[in-house]
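A short worksheet on the structure shown next.
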Amino acid sequence: MVAAHLLLRAGVAAATALMLTACGGAGPPDEASTKDSGGSDEDSLAVVAAFYPLAYAVERVAGDRVELTTLTAPGADPHTLELSPGDVRTVAEADLVVYSGGMQAPVDSVVHATRDVHALDVAPLLDLKRTGAGVDEEVSDAEGTPHPVDPHWWLDLDRYAVAAGVIADELSLLDPAGADAYRRGAEALAGDLGELAAEYEDGLAQCRQQIVVTSHEAFGYLTDAHGLVQVGISGLAPEAEPSPARMADIAAVVREHDVDTVYAEVILGSQLAETIASETGARVLVLDPVEGITSASPGSNYLEVMRSNLEALRDGQGCS
């Protein structure tokens with residue numbers, strides 16, 4: 001793994017150097033994965049967000065004062081992001097790159113390898129933690145012990161509001177004329193998140209079932225905040241295929257604790273959840289970690305998907 005990481009960093013550095021020194025005869029660069037409808041003014045800040053929750057926060061904070069590019073395409077799993085040469089060049093030429101260290105190794109590598117890139121890593125500023133795993137140690141950690149730090153901070157509504165404020169501060173440094181606008185944008189998003197937090201507090205105050213069986217361990221912040229216990233079929237990074245032993249452990253917990261709902265995800269699909277459900281008689285509902293928005297998502301933006309998640313949890317956990 002160390003050798004592979006070093007090779008990746010070397011490759012990114014080489015690609016970056018080539019792009020920054022290439023002459024015009026090389027042809028047009030590849031487009032970055034996704035471009036959102038930010039400001040079109042030539043004086044707008046060019047901001048790159050690594051994946052959807054960061055992009056949504058930038059959009060709410062900055063409005064049309066920035067030209068926003070999102071590296072992770074809609075429907076793609078941000079955990080398995082691969083950067084094209086065009087993506088690398090977009091990062092190199094951005095006024096600001098907003099990312100979350102430890103979430104996407106290729107983004108971490110290209111930021112560290114690209115000379116003079118102005119980047120904001122929100123992760124060190126959000127007091128990330130190791131969220132709970134398993135039920136009374138009946139289910140072993142999917143990725144080894146000790147449990148890794150959970151990178152899915154945007155499912156903690158308080159941390160998401162903090163991230164919005166941090167982004168507003170960074171944009172204000174780059175664009176002092178827009179400081180008031182950025183502050184208002186961050187405050188408006190924080191207000192929306194506060195209302196949503198109150199809905200979660202009320203909606204999950206009394207639930208029959210505390211165990212939440214999910215496709216991957218993305219919901220630790222959310223479950224910890226409301227007295228629920230997450231059991232992920234796969235780990236924090238969902239690309240790791242769960243072993244037959246782990247699948248058997250999950251099924252045993254579902255049976256023993258009378259869990260009647262298993263949660264699938266839009267981007268990852270429902271195969272793992274349906275396998276557990278078919279073995280135990282549970283049903284399958286969708287609980288979306290809001291890592292990306294597609295036409296199949298249970299909402300068109302972060303707030304809508306999170307409200308859909310609340311309804312799914314109230315139904316699946318038997319909350320009143």
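Naming scheme: A, B, ... for chains in displayed order of the structure tokens; residues 1 onward per chain; ligands 1 onward as shown.
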
For this session: List the neighbours of A:Ser295 out to 10 Å using only C-alpha atoms; skip same-chain residues closer than 2 positions along the sequence, and give me the result as number ranges by chain.
Result: A: 74-75, 266, 293, 297-300

Exercise. What's the 6 Å shell around A:Glu265, counting only C-alpha atoms, without same-chain residues fewer than 4 positions away, as a list in words?
Worked result: Gly269, Val286, Leu287 and Asp288 of chain A

Keeping only N, CA, C and O atoms, write the selected residues to a file as a short mmCIF file (atom, residue, chain, number, x, y, z; two decimals), in the first residue's frame.
data_model
loop_
_atom_site.label_atom_id
_atom_site.label_comp_id
_atom_site.auth_asym_id
_atom_site.auth_seq_id
_atom_site.Cartn_x
_atom_site.Cartn_y
_atom_site.Cartn_z
N GLY A 269 -25.90 1.05 -4.64
CA GLY A 269 -26.85 0.01 -5.01
C GLY A 269 -27.35 -0.72 -3.78
O GLY A 269 -26.98 -0.43 -2.64
N VAL A 286 -34.02 3.00 1.71
CA VAL A 286 -32.86 3.76 1.27
C VAL A 286 -32.46 4.77 2.35
O VAL A 286 -33.29 5.54 2.85
N LEU A 287 -31.18 4.73 2.73
CA LEU A 287 -30.59 5.74 3.61
C LEU A 287 -29.37 6.26 2.86
O LEU A 287 -28.40 5.53 2.63
N ASP A 288 -29.41 7.52 2.47
CA ASP A 288 -28.43 8.07 1.54
C ASP A 288 -27.37 8.88 2.29
O ASP A 288 -27.71 9.81 3.02
#

Exercise. Where does DSSP see helix (DSSP H, G or I) in stretch 147-309 of chain A, if you list the residues as JSON, numbers by chain?
Worked result: {"A": [153, 154, 155, 157, 158, 159, 160, 161, 162, 163, 164, 165, 166, 167, 168, 169, 170, 171, 172, 173, 174, 176, 177, 178, 179, 180, 181, 182, 183, 184, 185, 186, 187, 188, 189, 190, 191, 192, 193, 194, 195, 196, 197, 198, 199, 200, 201, 202, 203, 220, 221, 222, 223, 224, 225, 244, 245, 246, 247, 248, 249, 250, 251, 252, 253, 254, 255, 256, 271, 272, 273, 274, 275, 276, 277, 278, 279, 280, 302, 303, 304, 305, 306, 307, 308, 309]}

Problem set entry | Contact residues around A:Glu82 with only C-alpha atoms at 10 Å, ignoring same-chain residues under 5 positions, as an NGL selection string | :A and (33 or 71-72 or 87 or 104-107)

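Pairwise distance (atom CA of A:Asp180, atom CA of A:Glu67) equals 18.2 Å.
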
For this session: Pick out the residues sitting within 9 Å of A:Leu54, and hand them over as an MDAnalysis selection string; count only C-alpha atoms, and ignore anything fewer than 4 positions along from it in its own chain.
Result: chainID A and resid 49:50 58:59 70 98:100 154 163:164

Please produce an output containing C-alpha atoms for each residue in the selection, written as an mmCIF file, in the first residue's frame.
data_model
loop_
_atom_site.group_PDB
_atom_site.id
_atom_site.type_symbol
_atom_site.label_atom_id
_atom_site.label_comp_id
_atom_site.auth_asym_id
_atom_site.auth_seq_id
_atom_site.Cartn_x
_atom_site.Cartn_y
_atom_site.Cartn_z
ATOM 1 C CA ALA A 49 -14.790 21.279 -4.552
ATOM 2 C CA ALA A 50 -13.708 17.672 -4.151
ATOM 3 C CA VAL A 58 -19.594 26.448 -1.432
ATOM 4 C CA GLU A 59 -22.677 27.067 -3.556
ATOM 5 C CA THR A 70 -16.852 19.567 -8.588
ATOM 6 C CA VAL A 98 -11.831 22.820 -1.034
ATOM 7 C CA TYR A 99 -11.315 19.223 0.033
ATOM 8 C CA SER A 100 -11.462 16.912 3.040
ATOM 9 C CA TRP A 154 -21.256 16.310 6.709
ATOM 10 C CA ALA A 163 -17.466 23.780 7.579
ATOM 11 C CA ALA A 164 -19.650 26.405 5.905
#

Problem set entry | Between atom CA of A:Asp64 and atom CA of A:Ala177, distance in Å (one decimal) |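 That distance, rounded to one decimal, is 13.8 Å.
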
Problem set entry | Nearest to A:Gly232, chosen from A:Gly292, A:Gly220, A:Gly191, A:Gly178, with only C-alpha atoms counted in the distances |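 Between A:Gly292, A:Gly220, A:Gly191, A:Gly178, the residue approaching A:Gly232 most closely is A:Gly220.
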
Exercise. If we count only C-alpha atoms, what is near A:His257 at a cut-off of 12 Å, once residues fewer than 2 positions away on the same chain are taken out, given as a PyMOL selection string?
Worked result: chain A and resi 135-136+138+208-213+229+231+250-255+259-261+280+282

Only N, CA, C and O atoms, please: the residues just picked out, written as an mmCIF file, in the first residue's frame.
data_model
loop_
_atom_site.group_PDB
_atom_site.id
_atom_site.type_symbol
_atom_site.label_atom_id
_atom_site.label_comp_id
_atom_site.auth_asym_id
_atom_site.auth_seq_id
_atom_site.Cartn_x
_atom_site.Cartn_y
_atom_site.Cartn_z
ATOM 1 N N VAL A 135 -22.275 -3.934 17.602
ATOM 2 C CA VAL A 135 -23.243 -3.974 18.689
ATOM 3 C C VAL A 135 -22.658 -4.856 19.782
ATOM 4 O O VAL A 135 -22.543 -6.075 19.625
ATOM 5 N N ASP A 136 -22.228 -4.233 20.896
ATOM 6 C CA ASP A 136 -21.634 -4.997 21.994
ATOM 7 C C ASP A 136 -20.526 -5.923 21.499
ATOM 8 O O ASP A 136 -20.360 -7.041 21.975
ATOM 9 N N GLU A 138 -20.373 -7.614 18.958
ATOM 10 C CA GLU A 138 -20.820 -8.816 18.263
ATOM 11 C C GLU A 138 -20.402 -8.800 16.801
ATOM 12 O O GLU A 138 -20.238 -9.851 16.180
ATOM 13 N N ARG A 208 -38.272 2.544 18.531
ATOM 14 C CA ARG A 208 -38.348 1.173 19.034
ATOM 15 C C ARG A 208 -37.036 0.440 18.847
ATOM 16 O O ARG A 208 -36.604 -0.318 19.711
ATOM 17 N N GLN A 209 -36.371 0.647 17.711
ATOM 18 C CA GLN A 209 -35.159 -0.083 17.371
ATOM 19 C C GLN A 209 -33.971 0.874 17.312
ATOM 20 O O GLN A 209 -34.013 1.880 16.607
ATOM 21 N N GLN A 210 -32.916 0.563 18.065
ATOM 22 C CA GLN A 210 -31.731 1.424 18.087
ATOM 23 C C GLN A 210 -30.660 0.999 17.069
ATOM 24 O O GLN A 210 -29.784 1.795 16.735
ATOM 25 N N ILE A 211 -30.718 -0.223 16.590
ATOM 26 C CA ILE A 211 -29.680 -0.714 15.690
ATOM 27 C C ILE A 211 -30.019 -0.342 14.254
ATOM 28 O O ILE A 211 -31.105 -0.653 13.759
ATOM 29 N N VAL A 212 -29.080 0.335 13.577
ATOM 30 C CA VAL A 212 -29.260 0.799 12.206
ATOM 31 C C VAL A 212 -28.262 0.043 11.325
ATOM 32 O O VAL A 212 -27.050 0.284 11.401
ATOM 33 N N VAL A 213 -28.765 -0.865 10.500
ATOM 34 C CA VAL A 213 -27.909 -1.674 9.639
ATOM 35 C C VAL A 213 -27.814 -0.998 8.274
ATOM 36 O O VAL A 213 -28.821 -0.861 7.566
ATOM 37 N N VAL A 229 -27.331 2.987 17.045
ATOM 38 C CA VAL A 229 -26.092 2.232 16.887
ATOM 39 C C VAL A 229 -25.982 1.771 15.440
ATOM 40 O O VAL A 229 -26.815 1.027 14.946
ATOM 41 N N VAL A 231 -24.509 -0.347 12.388
ATOM 42 C CA VAL A 231 -23.815 -1.578 12.013
ATOM 43 C C VAL A 231 -23.688 -1.552 10.497
ATOM 44 O O VAL A 231 -24.677 -1.690 9.783
ATOM 45 N N ILE A 250 -23.460 -10.048 10.407
ATOM 46 C CA ILE A 250 -24.517 -9.045 10.261
ATOM 47 C C ILE A 250 -25.885 -9.713 10.315
ATOM 48 O O ILE A 250 -26.811 -9.251 11.006
ATOM 49 N N ALA A 251 -26.038 -10.791 9.583
ATOM 50 C CA ALA A 251 -27.317 -11.501 9.573
ATOM 51 C C ALA A 251 -27.684 -11.989 10.970
ATOM 52 O O ALA A 251 -28.857 -11.932 11.376
ATOM 53 N N ALA A 252 -26.679 -12.443 11.729
ATOM 54 C CA ALA A 252 -26.940 -12.922 13.083
ATOM 55 C C ALA A 252 -27.433 -11.793 13.985
ATOM 56 O O ALA A 252 -28.349 -11.978 14.798
ATOM 57 N N VAL A 253 -26.828 -10.612 13.849
ATOM 58 C CA VAL A 253 -27.263 -9.461 14.648
ATOM 59 C C VAL A 253 -28.696 -9.069 14.282
ATOM 60 O O VAL A 253 -29.515 -8.756 15.149
ATOM 61 N N VAL A 254 -29.001 -9.061 12.985
ATOM 62 C CA VAL A 254 -30.351 -8.708 12.538
ATOM 63 C C VAL A 254 -31.369 -9.653 13.159
ATOM 64 O O VAL A 254 -32.421 -9.222 13.668
ATOM 65 N N ARG A 255 -31.073 -10.936 13.155
ATOM 66 C CA ARG A 255 -32.022 -11.905 13.724
ATOM 67 C C ARG A 255 -32.130 -11.748 15.244
ATOM 68 O O ARG A 255 -33.236 -11.704 15.796
ATOM 69 N N VAL A 259 -34.119 -6.829 14.126
ATOM 70 C CA VAL A 259 -34.006 -5.709 13.194
ATOM 71 C C VAL A 259 -34.844 -6.039 11.965
ATOM 72 O O VAL A 259 -34.629 -7.075 11.331
ATOM 73 N N ASP A 260 -35.797 -5.189 11.645
ATOM 74 C CA ASP A 260 -36.677 -5.509 10.514
ATOM 75 C C ASP A 260 -36.421 -4.651 9.286
ATOM 76 O O ASP A 260 -37.126 -4.767 8.280
ATOM 77 N N THR A 261 -35.384 -3.779 9.333
ATOM 78 C CA THR A 261 -35.075 -2.915 8.196
ATOM 79 C C THR A 261 -33.560 -2.860 7.991
ATOM 80 O O THR A 261 -32.808 -2.687 8.954
ATOM 81 N N THR A 280 -32.755 -12.820 6.243
ATOM 82 C CA THR A 280 -33.317 -12.584 7.577
ATOM 83 C C THR A 280 -34.798 -12.229 7.571
ATOM 84 O O THR A 280 -35.409 -12.162 8.643
ATOM 85 N N ALA A 282 -35.863 -9.291 6.651
ATOM 86 C CA ALA A 282 -35.985 -7.831 6.816
ATOM 87 C C ALA A 282 -36.370 -7.192 5.487
ATOM 88 O O ALA A 282 -36.274 -7.811 4.424
#

Can you check which residues of stretch 56-182 of chain A DSSP gives as strand (DSSP E) on the backbone and send them as a tab-separated table (two decimals) with all heavy atoms, in the first residue's frame?
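After the write, out-v9.tsv holds the following:
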chain	number	residue	atom	x	y	z
A	66	VAL	N	-18.65	32.86	-7.40
A	66	VAL	CA	-17.55	31.97	-7.79
A	66	VAL	C	-17.99	31.12	-8.97
A	66	VAL	O	-19.17	30.92	-9.23
A	66	VAL	CB	-17.12	31.05	-6.62
A	66	VAL	CG1	-16.76	31.86	-5.39
A	66	VAL	CG2	-18.18	30.02	-6.29
A	67	GLU	N	-16.99	30.63	-9.69
A	67	GLU	CA	-17.21	29.62	-10.72
A	67	GLU	C	-16.80	28.28	-10.11
A	67	GLU	O	-15.62	28.05	-9.81
A	67	GLU	CB	-16.39	29.91	-11.97
A	67	GLU	CG	-16.64	28.92	-13.09
A	67	GLU	CD	-15.85	29.26	-14.34
A	67	GLU	OE1	-15.20	30.32	-14.36
A	67	GLU	OE2	-15.90	28.46	-15.30
A	68	LEU	N	-17.77	27.41	-9.91
A	68	LEU	CA	-17.58	26.21	-9.11
A	68	LEU	C	-17.43	24.97	-9.98
A	68	LEU	O	-18.25	24.73	-10.88
A	68	LEU	CB	-18.76	26.04	-8.15
A	68	LEU	CG	-18.80	24.77	-7.28
A	68	LEU	CD1	-17.58	24.71	-6.37
A	68	LEU	CD2	-20.10	24.74	-6.48
A	69	THR	N	-16.43	24.17	-9.71
A	69	THR	CA	-16.21	22.88	-10.36
A	69	THR	C	-16.16	21.80	-9.29
A	69	THR	O	-15.51	21.98	-8.26
A	69	THR	CB	-14.90	22.86	-11.15
A	69	THR	OG1	-14.93	23.86	-12.16
A	69	THR	CG2	-14.66	21.51	-11.80
A	70	THR	N	-16.85	20.69	-9.52
A	70	THR	CA	-16.85	19.57	-8.59
A	70	THR	C	-16.10	18.41	-9.22
A	70	THR	O	-16.43	17.98	-10.32
A	70	THR	CB	-18.29	19.13	-8.24
A	70	THR	OG1	-19.05	20.27	-7.82
A	70	THR	CG2	-18.28	18.10	-7.13
A	96	LEU	N	-9.05	28.43	-5.52
A	96	LEU	CA	-9.23	27.74	-4.24
A	96	LEU	C	-9.70	26.32	-4.49
A	96	LEU	O	-10.61	26.10	-5.29
A	96	LEU	CB	-10.25	28.48	-3.35
A	96	LEU	CG	-10.62	27.80	-2.04
A	96	LEU	CD1	-9.40	27.73	-1.11
A	96	LEU	CD2	-11.76	28.54	-1.35
A	97	VAL	N	-9.07	25.36	-3.81
A	97	VAL	CA	-9.51	23.97	-3.83
A	97	VAL	C	-10.00	23.64	-2.43
A	97	VAL	O	-9.26	23.79	-1.45
A	97	VAL	CB	-8.37	23.02	-4.23
A	97	VAL	CG1	-8.85	21.57	-4.20
A	97	VAL	CG2	-7.84	23.39	-5.60
A	98	VAL	N	-11.25	23.19	-2.32
A	98	VAL	CA	-11.83	22.82	-1.03
A	98	VAL	C	-11.95	21.30	-1.01
A	98	VAL	O	-12.62	20.71	-1.86
A	98	VAL	CB	-13.21	23.47	-0.83
A	98	VAL	CG1	-13.74	23.15	0.57
A	98	VAL	CG2	-13.14	24.98	-1.03
A	99	TYR	N	-11.30	20.68	-0.04
A	99	TYR	CA	-11.31	19.22	0.03
A	99	TYR	C	-11.33	18.79	1.49
A	99	TYR	O	-11.27	19.61	2.42
A	99	TYR	CB	-10.12	18.64	-0.72
A	99	TYR	CG	-8.77	18.81	-0.06
A	99	TYR	CD1	-8.08	17.72	0.47
A	99	TYR	CD2	-8.16	20.06	0.03
A	99	TYR	CE1	-6.83	17.86	1.06
A	99	TYR	CE2	-6.92	20.22	0.61
A	99	TYR	CZ	-6.25	19.12	1.13
A	99	TYR	OH	-5.03	19.27	1.72
A	119	ALA	N	-5.31	25.78	-1.23
A	119	ALA	CA	-6.25	24.72	-0.86
A	119	ALA	C	-6.71	24.88	0.58
A	119	ALA	O	-5.97	25.35	1.44
A	119	ALA	CB	-5.61	23.35	-1.05
A	120	LEU	N	-7.95	24.48	0.81
A	120	LEU	CA	-8.53	24.45	2.15
A	120	LEU	C	-8.93	23.02	2.47
A	120	LEU	O	-9.84	22.46	1.85
A	120	LEU	CB	-9.75	25.37	2.22
A	120	LEU	CG	-10.60	25.26	3.50
A	120	LEU	CD1	-9.79	25.70	4.71
A	120	LEU	CD2	-11.88	26.09	3.37
A	121	ASP	N	-8.24	22.42	3.43
A	121	ASP	CA	-8.61	21.10	3.93
A	121	ASP	C	-9.47	21.31	5.16
A	121	ASP	O	-8.99	21.76	6.21
A	121	ASP	CB	-7.34	20.31	4.28
A	121	ASP	CG	-7.64	18.92	4.82
A	121	ASP	OD1	-8.82	18.53	4.89
A	121	ASP	OD2	-6.67	18.22	5.18
